[in-house]
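Data from entry.csv: CSV, C-alpha atoms
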```
chain,number,residue,atom,x,y,z
U,1,SER,CA,17.8,27.9,-0.7
U,2,GLN,CA,18.2,25.3,1.9
U,3,GLU,CA,21.7,24.7,3.1
U,4,LYS,CA,23.5,21.7,1.6
U,5,ASN,CA,23.5,19.0,4.3
U,6,ARG,CA,23.8,15.4,3.4
U,7,GLY,CA,22.2,14.4,6.7
U,8,LEU,CA,19.1,16.6,6.0
U,9,SER,CA,15.9,14.9,4.8
U,10,PHE,CA,12.4,16.3,4.3
U,11,SER,CA,11.3,13.7,6.8
U,12,SER,CA,8.0,12.4,8.1
U,13,ILE,CA,7.3,15.3,10.5
U,14,SER,CA,7.3,18.2,8.1
U,15,ALA,CA,6.4,16.5,4.8
U,16,VAL,CA,3.7,14.2,6.1
U,17,GLY,CA,2.4,16.7,8.6
U,18,SER,CA,1.9,19.5,6.1
U,19,ASN,CA,0.6,17.2,3.4
U,20,GLY,CA,-1.9,15.8,5.8
U,21,ALA,CA,-2.9,19.3,6.9
U,22,ILE,CA,-3.6,20.4,3.3
U,23,ILE,CA,-5.6,17.3,2.6
U,24,HIS,CA,-7.8,17.8,5.6
U,25,TYR,CA,-7.9,21.6,5.0
U,26,HIS,CA,-9.7,21.5,1.7
U,27,PRO,CA,-13.4,21.1,1.8
U,28,SER,CA,-14.0,18.7,-1.2
U,29,ALA,CA,-14.9,15.8,1.0
U,30,ASP,CA,-18.4,17.0,1.8
U,31,THR,CA,-20.3,18.5,-1.1
U,32,ASP,CA,-23.3,19.7,0.9
U,33,LYS,CA,-21.2,21.3,3.6
U,34,LYS,CA,-18.8,23.1,1.4
U,35,LEU,CA,-21.5,25.3,-0.2
U,36,SER,CA,-21.9,27.0,3.2
U,37,LEU,CA,-18.2,27.7,3.6
U,38,ASN,CA,-16.4,30.9,2.8
U,39,GLU,CA,-12.8,32.0,2.3
U,40,MET,CA,-12.3,33.4,5.8
U,41,TYR,CA,-13.8,30.4,7.5
U,42,LEU,CA,-11.4,28.1,5.7
U,43,LEU,CA,-8.5,30.5,6.5
U,44,ASP,CA,-9.3,30.5,10.2
U,45,SER,CA,-10.3,26.9,10.6
U,46,GLY,CA,-7.6,25.4,8.4
U,47,GLY,CA,-4.8,26.3,10.8
U,48,GLN,CA,-6.0,23.7,13.3
U,49,TYR,CA,-4.7,21.0,11.0
U,50,PHE,CA,-1.1,22.3,11.3
U,51,ASN,CA,-1.2,22.0,15.1
U,52,ALA,CA,0.6,18.7,15.0
U,53,GLU,CA,3.5,17.7,17.2
U,54,HIS,CA,6.7,19.5,16.2
U,55,ASN,CA,4.7,22.2,14.3
U,56,ARG,CA,5.3,25.8,15.2
U,57,GLY,CA,2.6,27.5,13.2
U,58,LEU,CA,2.0,28.6,9.7
U,59,SER,CA,5.0,29.4,7.5
U,60,PHE,CA,3.1,32.4,5.9
U,61,PRO,CA,-0.4,33.8,5.9
U,62,SER,CA,-2.5,31.4,4.0
U,63,ILE,CA,-4.1,32.4,0.6
U,64,SER,CA,-7.7,31.4,0.3
U,65,GLY,CA,-9.3,32.6,-2.9
U,66,SER,CA,-12.6,31.6,-4.5
U,67,GLY,CA,-13.6,32.5,-8.1
U,68,PRO,CA,-12.2,35.9,-9.2
U,69,ASN,CA,-10.3,36.3,-5.9
U,70,GLY,CA,-8.1,33.4,-6.9
U,71,ALA,CA,-6.9,35.5,-9.8
U,72,VAL,CA,-5.2,37.8,-7.3
U,73,ILE,CA,-1.8,36.2,-6.9
U,74,HIS,CA,-1.2,37.3,-3.3
U,75,TYR,CA,-4.8,37.6,-2.3
U,76,PHE,CA,-5.8,37.6,1.4
U,77,PRO,CA,-9.5,37.6,2.3
U,78,THR,CA,-11.1,40.4,4.4
U,79,PRO,CA,-14.6,40.9,5.5
U,80,ALA,CA,-15.1,43.2,2.5
U,81,THR,CA,-13.8,40.7,-0.1
U,82,ASP,CA,-14.8,37.4,1.5
U,83,ARG,CA,-16.7,35.1,-0.9
U,84,LYS,CA,-18.5,31.8,-0.4
U,85,LEU,CA,-17.3,28.7,-2.2
U,86,SER,CA,-19.5,27.7,-5.1
U,87,VAL,CA,-19.8,24.6,-7.3
U,88,ASN,CA,-19.6,27.0,-10.2
U,89,GLU,CA,-16.1,28.5,-9.4
U,90,MET,CA,-12.6,27.4,-8.7
U,91,TYR,CA,-11.1,27.6,-5.3
U,92,LEU,CA,-7.3,28.2,-4.7
U,93,LEU,CA,-5.6,27.4,-1.4
U,94,ASP,CA,-1.9,28.2,-0.7
U,95,SER,CA,-0.7,27.3,2.8
U,96,GLY,CA,2.3,25.9,4.7
U,97,GLY,CA,3.6,25.2,8.1
U,98,GLN,CA,6.8,25.6,10.1
U,99,TYR,CA,8.1,22.3,11.6
U,100,LEU,CA,11.2,21.7,13.6
U,101,ASP,CA,12.7,19.8,10.7
U,102,GLY,CA,11.4,21.7,7.8
U,103,THR,CA,9.3,24.5,6.2
U,104,THR,CA,6.5,23.7,3.8
U,105,ASP,CA,4.5,25.6,1.1
U,106,VAL,CA,1.8,23.9,-0.9
U,107,THR,CA,-0.8,25.2,-3.3
U,108,ARG,CA,-3.8,23.3,-4.8
U,109,THR,CA,-6.7,24.5,-6.9
U,110,PHE,CA,-10.1,22.9,-6.8
U,111,HIS,CA,-13.5,22.8,-8.6
U,112,PHE,CA,-16.5,21.3,-6.9
U,113,GLY,CA,-18.9,21.2,-9.8
U,114,SER,CA,-18.6,21.0,-13.6
U,115,PRO,CA,-15.6,23.1,-14.9
U,116,THR,CA,-15.6,24.4,-18.4
U,117,ALA,CA,-13.4,22.8,-21.1
U,118,TYR,CA,-11.3,26.0,-21.0
U,119,GLN,CA,-10.8,25.8,-17.2
U,120,LYS,CA,-9.8,22.2,-17.5
U,121,GLU,CA,-7.3,23.0,-20.3
U,122,CYS,CA,-5.8,25.8,-18.3
U,123,TYR,CA,-5.5,23.7,-15.2
U,124,THR,CA,-4.0,20.7,-17.1
U,125,ARG,CA,-1.4,22.9,-18.8
U,126,VAL,CA,-0.3,24.3,-15.5
U,127,LEU,CA,-0.1,20.7,-14.2
U,128,MET,CA,1.9,19.7,-17.3
U,129,GLY,CA,4.4,22.5,-16.7
U,130,GLN,CA,4.8,21.5,-13.1
U,131,VAL,CA,5.4,17.8,-14.0
U,132,ASP,CA,7.8,18.7,-16.8
U,133,LEU,CA,10.0,20.9,-14.5
U,134,ALA,CA,10.0,18.2,-11.9
U,135,ARG,CA,11.2,15.6,-14.4
U,136,ILE,CA,13.9,17.6,-16.2
U,137,LEU,CA,17.6,16.5,-16.1
U,138,PHE,CA,20.1,19.4,-16.4
U,139,PRO,CA,23.8,20.0,-16.1
U,140,ASN,CA,25.0,21.2,-12.7
U,141,THR,CA,26.2,24.4,-14.2
U,142,LEU,CA,22.8,26.1,-14.6
U,143,TYR,CA,21.0,28.8,-12.7
U,144,GLY,CA,17.3,28.4,-11.9
U,145,ARG,CA,16.4,31.1,-14.4
U,146,GLU,CA,17.8,28.9,-17.2
U,147,ILE,CA,15.2,26.2,-16.7
U,148,ASP,CA,12.1,28.3,-15.7
U,149,ALA,CA,10.8,28.2,-19.3
U,150,ILE,CA,10.3,24.4,-19.0
U,151,ALA,CA,7.4,25.0,-16.7
U,152,ARG,CA,5.9,27.7,-19.0
U,153,ARG,CA,6.0,25.9,-22.3
U,154,PRO,CA,2.6,24.1,-22.1
U,155,LEU,CA,1.0,27.5,-21.5
U,156,TRP,CA,3.2,29.3,-24.1
U,157,ASP,CA,2.1,26.7,-26.6
U,158,VAL,CA,-1.4,28.2,-26.6
U,159,GLY,CA,-0.5,31.8,-25.9
U,160,LEU,CA,-1.0,31.8,-22.1
U,161,GLU,CA,1.4,33.0,-19.4
U,162,TYR,CA,1.8,33.8,-15.7
U,163,ARG,CA,3.6,36.8,-14.3
U,164,HIS,CA,5.5,35.4,-11.3
U,165,GLY,CA,8.5,33.2,-10.8
U,166,THR,CA,8.2,29.4,-11.0
U,167,GLY,CA,10.2,28.6,-7.9
U,168,HIS,CA,11.7,30.1,-4.8
U,169,GLY,CA,14.1,28.6,-2.3
U,170,ILE,CA,12.7,27.2,0.9
U,171,GLY,CA,14.6,27.0,4.2
U,172,SER,CA,14.6,24.3,6.9
U,173,TYR,CA,12.6,25.8,9.8
U,174,LEU,CA,13.6,29.2,8.3
U,175,SER,CA,12.2,31.5,5.6
U,176,VAL,CA,9.6,30.0,3.3
U,177,HIS,CA,11.0,32.4,0.6
U,178,GLU,CA,14.8,32.0,0.9
U,179,GLY,CA,17.7,32.8,-1.4
U,180,PRO,CA,20.2,32.8,-2.9
U,181,GLY,CA,18.7,30.4,-5.5
U,182,ARG,CA,15.5,30.9,-7.5
U,183,ILE,CA,13.7,29.5,-10.6
U,184,SER,CA,12.5,32.7,-12.2
U,185,LEU,CA,12.3,34.6,-15.5
U,186,SER,CA,10.3,37.2,-13.7
U,187,HIS,CA,13.2,38.8,-11.9
U,188,SER,CA,16.5,40.2,-12.9
U,189,SER,CA,19.6,38.2,-12.1
U,190,PHE,CA,21.4,39.1,-8.9
U,191,ALA,CA,25.1,39.0,-8.0
U,192,SER,CA,24.1,36.8,-5.0
U,193,ASP,CA,22.3,34.2,-7.2
U,194,GLU,CA,23.8,30.7,-7.0
U,195,LYS,CA,23.6,27.8,-9.4
U,196,LEU,CA,21.3,24.9,-8.6
U,197,ASP,CA,23.0,22.3,-6.4
U,198,GLU,CA,22.2,19.1,-4.6
U,199,PHE,CA,20.0,19.2,-1.5
U,200,MET,CA,18.6,22.6,-2.3
U,201,PHE,CA,14.8,22.8,-1.8
U,202,PHE,CA,12.6,24.9,-4.1
U,203,SER,CA,9.0,25.4,-4.9
U,204,ASP,CA,7.7,24.2,-8.3
U,205,GLU,CA,4.7,26.4,-8.8
U,206,PRO,CA,3.4,27.4,-12.3
U,207,GLY,CA,0.0,29.0,-12.5
U,208,TYR,CA,-2.5,30.8,-14.7
U,209,TYR,CA,-4.7,33.7,-13.7
U,210,GLU,CA,-7.8,34.9,-15.7
U,211,ALA,CA,-8.6,38.4,-14.3
U,212,GLU,CA,-12.0,38.6,-12.7
U,213,GLN,CA,-12.7,34.9,-13.4
U,214,PHE,CA,-10.4,32.4,-11.7
U,215,GLY,CA,-6.8,31.6,-10.6
U,216,ILE,CA,-4.9,28.4,-10.9
U,217,ARG,CA,-1.7,27.6,-9.1
U,218,LEU,CA,-0.1,24.2,-8.3
U,219,GLU,CA,2.8,24.2,-5.9
U,220,ASN,CA,5.0,21.4,-4.8
U,221,ILE,CA,8.3,21.3,-3.0
U,222,VAL,CA,11.2,19.7,-4.8
U,223,MET,CA,14.7,18.8,-3.8
U,224,VAL,CA,17.7,19.0,-6.1
U,225,THR,CA,19.3,15.6,-6.4
U,226,GLU,CA,22.0,14.1,-8.6
U,227,ALA,CA,20.6,12.3,-11.7
U,228,GLU,CA,21.6,9.0,-13.1
U,229,THR,CA,22.3,9.2,-16.8
U,230,LYS,CA,23.0,6.7,-19.5
U,231,TYR,CA,26.2,8.5,-20.6
U,232,ASN,CA,28.8,10.6,-18.8
U,233,PHE,CA,30.0,13.4,-21.1
U,234,MET,CA,33.4,14.5,-20.0
U,235,ASN,CA,32.7,13.4,-16.4
U,236,SER,CA,29.9,16.0,-16.2
U,237,THR,CA,27.3,15.8,-13.4
U,238,PHE,CA,23.5,16.1,-14.2
U,239,LEU,CA,20.9,17.1,-11.6
U,240,THR,CA,17.2,16.5,-11.4
U,241,PHE,CA,14.4,17.1,-8.8
U,242,GLU,CA,12.7,14.9,-6.3
U,243,THR,CA,9.2,15.9,-5.4
U,244,VAL,CA,8.5,15.7,-1.7
U,245,THR,CA,4.9,17.0,-1.7
U,246,LEU,CA,2.3,14.3,-1.6
U,247,VAL,CA,-1.0,16.2,-1.8
U,248,PRO,CA,-3.4,14.9,-4.4
U,249,TYR,CA,-4.4,16.9,-7.5
U,250,GLU,CA,-8.0,17.8,-8.5
U,251,PRO,CA,-9.0,15.1,-10.9
U,252,ASN,CA,-12.2,17.0,-11.8
U,253,LEU,CA,-9.9,19.6,-13.5
U,254,ILE,CA,-7.6,17.3,-15.4
U,255,ASP,CA,-8.0,16.8,-19.2
U,256,TYR,CA,-6.1,13.5,-19.5
U,257,ASP,CA,-6.2,13.7,-23.3
U,258,LEU,CA,-3.7,16.6,-23.1
U,259,LEU,CA,-1.1,14.6,-21.0
U,260,SER,CA,1.7,12.7,-22.6
U,261,PRO,CA,2.4,9.1,-21.4
U,262,GLU,CA,5.3,10.4,-19.4
U,263,GLN,CA,3.3,13.0,-17.7
```
Show this structure as structure tokens.
Amino acid sequence: SQEKNRGLSFSSISAVGSNGAIIHYHPSADTDKKLSLNEMYLLDSGGQYFNAEHNRGLSFPSISGSGPNGAVIHYFPTPATDRKLSVNEMYLLDSGGQYLDGTTDVTRTFHFGSPTAYQKECYTRVLMGQVDLARILFPNTLYGREIDAIARRPLWDVGLEYRHGTGHGIGSYLSVHEGPGRISLSHSSFASDEKLDEFMFFSDEPGYYEAEQFGIRLENIVMVTEAETKYNFMNSTFLTFETVTLVPYEPNLIDYDLLSPEQ
């Protein structure tokens, strides 16, 4: 993932620029207007919000999936598959931008009506996993694959799962999917894998996909930082994550009763 550079920060241009783009990109602000929108319109029109100073375009083709299309992990709308947004279905948006000082990748899932209790539970458990991974403290001797299960546990607790990695490395004005680090149980280990280390940037993106029904994915960018601990066993160093994505979640899909006080 991103090269170790103590002078490098996920600064206001890339972080604030991309966060603002996603916030303006999603159609939840106008209930009447969103009913007339479709996946391809949002895909085409959303790019205008990335045209800020220092932006050099999208970091990958945006994923815009409504209802069952959201359950296709790498879905891209075409005229044949395009769907209108609905108050009865979820909508998944995965997009990012290339900035001179950073590369972004953010995913949010929305519901503009009254989600079912099951949909809310699925969303909330994905959120719980994302928060749990972002809060973990771990020794600096671990590979990403050794902490992937942290993000899956809230789903595993009720027999649910997702079939993709939890995190990929992200470059700085480079590849949005960049090695040699990864947070993934879904791939075999590679000789080129590196342990997690300070100033590496990764995605934190658990999800859940119900075939032909809906897809949920929540993706933030996190930076590996050194953690402060109460004790210092044999002068060991512990790491944690700092979340740099500032895009709001969908409160309509959160079951707050499932969340722990820490979450």
Just the residues within 8 Å of segment 169-174 of chain U, please, counting all atoms listed in the file, with nothing from its chain fewer than 3 positions along; format it as a list in words.
->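 Skipping anything fewer than 3 positions along the chain leaves Ser1, Gln2, Glu3, Gln98, Tyr99, Leu100, Asp101, Gly102, Thr103, Thr104, His177, Glu178, Gly179, Pro180, Gly181, Arg182, Met200, Phe201, Phe202 and Ser203 of chain U.
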Using all atoms listed in the file, which of the listed residues (U:Glu250, U:Asp197, U:Glu161, U:Glu228) sits closest to Pro115 of chain U?
->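 Of U:Glu250, U:Asp197, U:Glu161, U:Glu228, the one nearest Pro115 of chain U is U:Glu250, counting all atoms listed in the file.
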One decimal, Å: what's the distance from atom CA of Asn69 of chain U over to atom CA of Thr243 of chain U, could you say?
->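 So the two atoms, atom CA of Asn69 of chain U and atom CA of Thr243 of chain U, lie 28.2 Å apart.
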Which of these residues is nearest to Leu93 of chain U, using all atoms listed in the file: U:Thr78, U:Asn55, U:Thr225, U:Ser66?
->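 Of all the options, U:Ser66 lies closest to Leu93 of chain U.
Taking all atoms listed in the file into account, Ile216 of chain U lies nearest to U:Arg108 out of the set U:Ser86, U:Pro139, U:Phe76, U:Arg108.
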Shell of 9 Å around Leu85 of chain U, only C-alpha atoms, local chain residues under 2 positions omitted, as number ranges by chain | U: 34-39, 65-67, 83, 87-91, 112
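We find atom CA of Ser64 of chain U and atom CA of Lys120 of chain U to be spaced 20.1 Å apart.
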Of the residues U:Glu242, U:Glu212, U:Glu198, U:Asp255, which is the one nearest to Glu226 of chain U, using only C-alpha atoms?
->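 Of the candidates, the smallest distance to Glu226 of chain U is held by U:Glu198.
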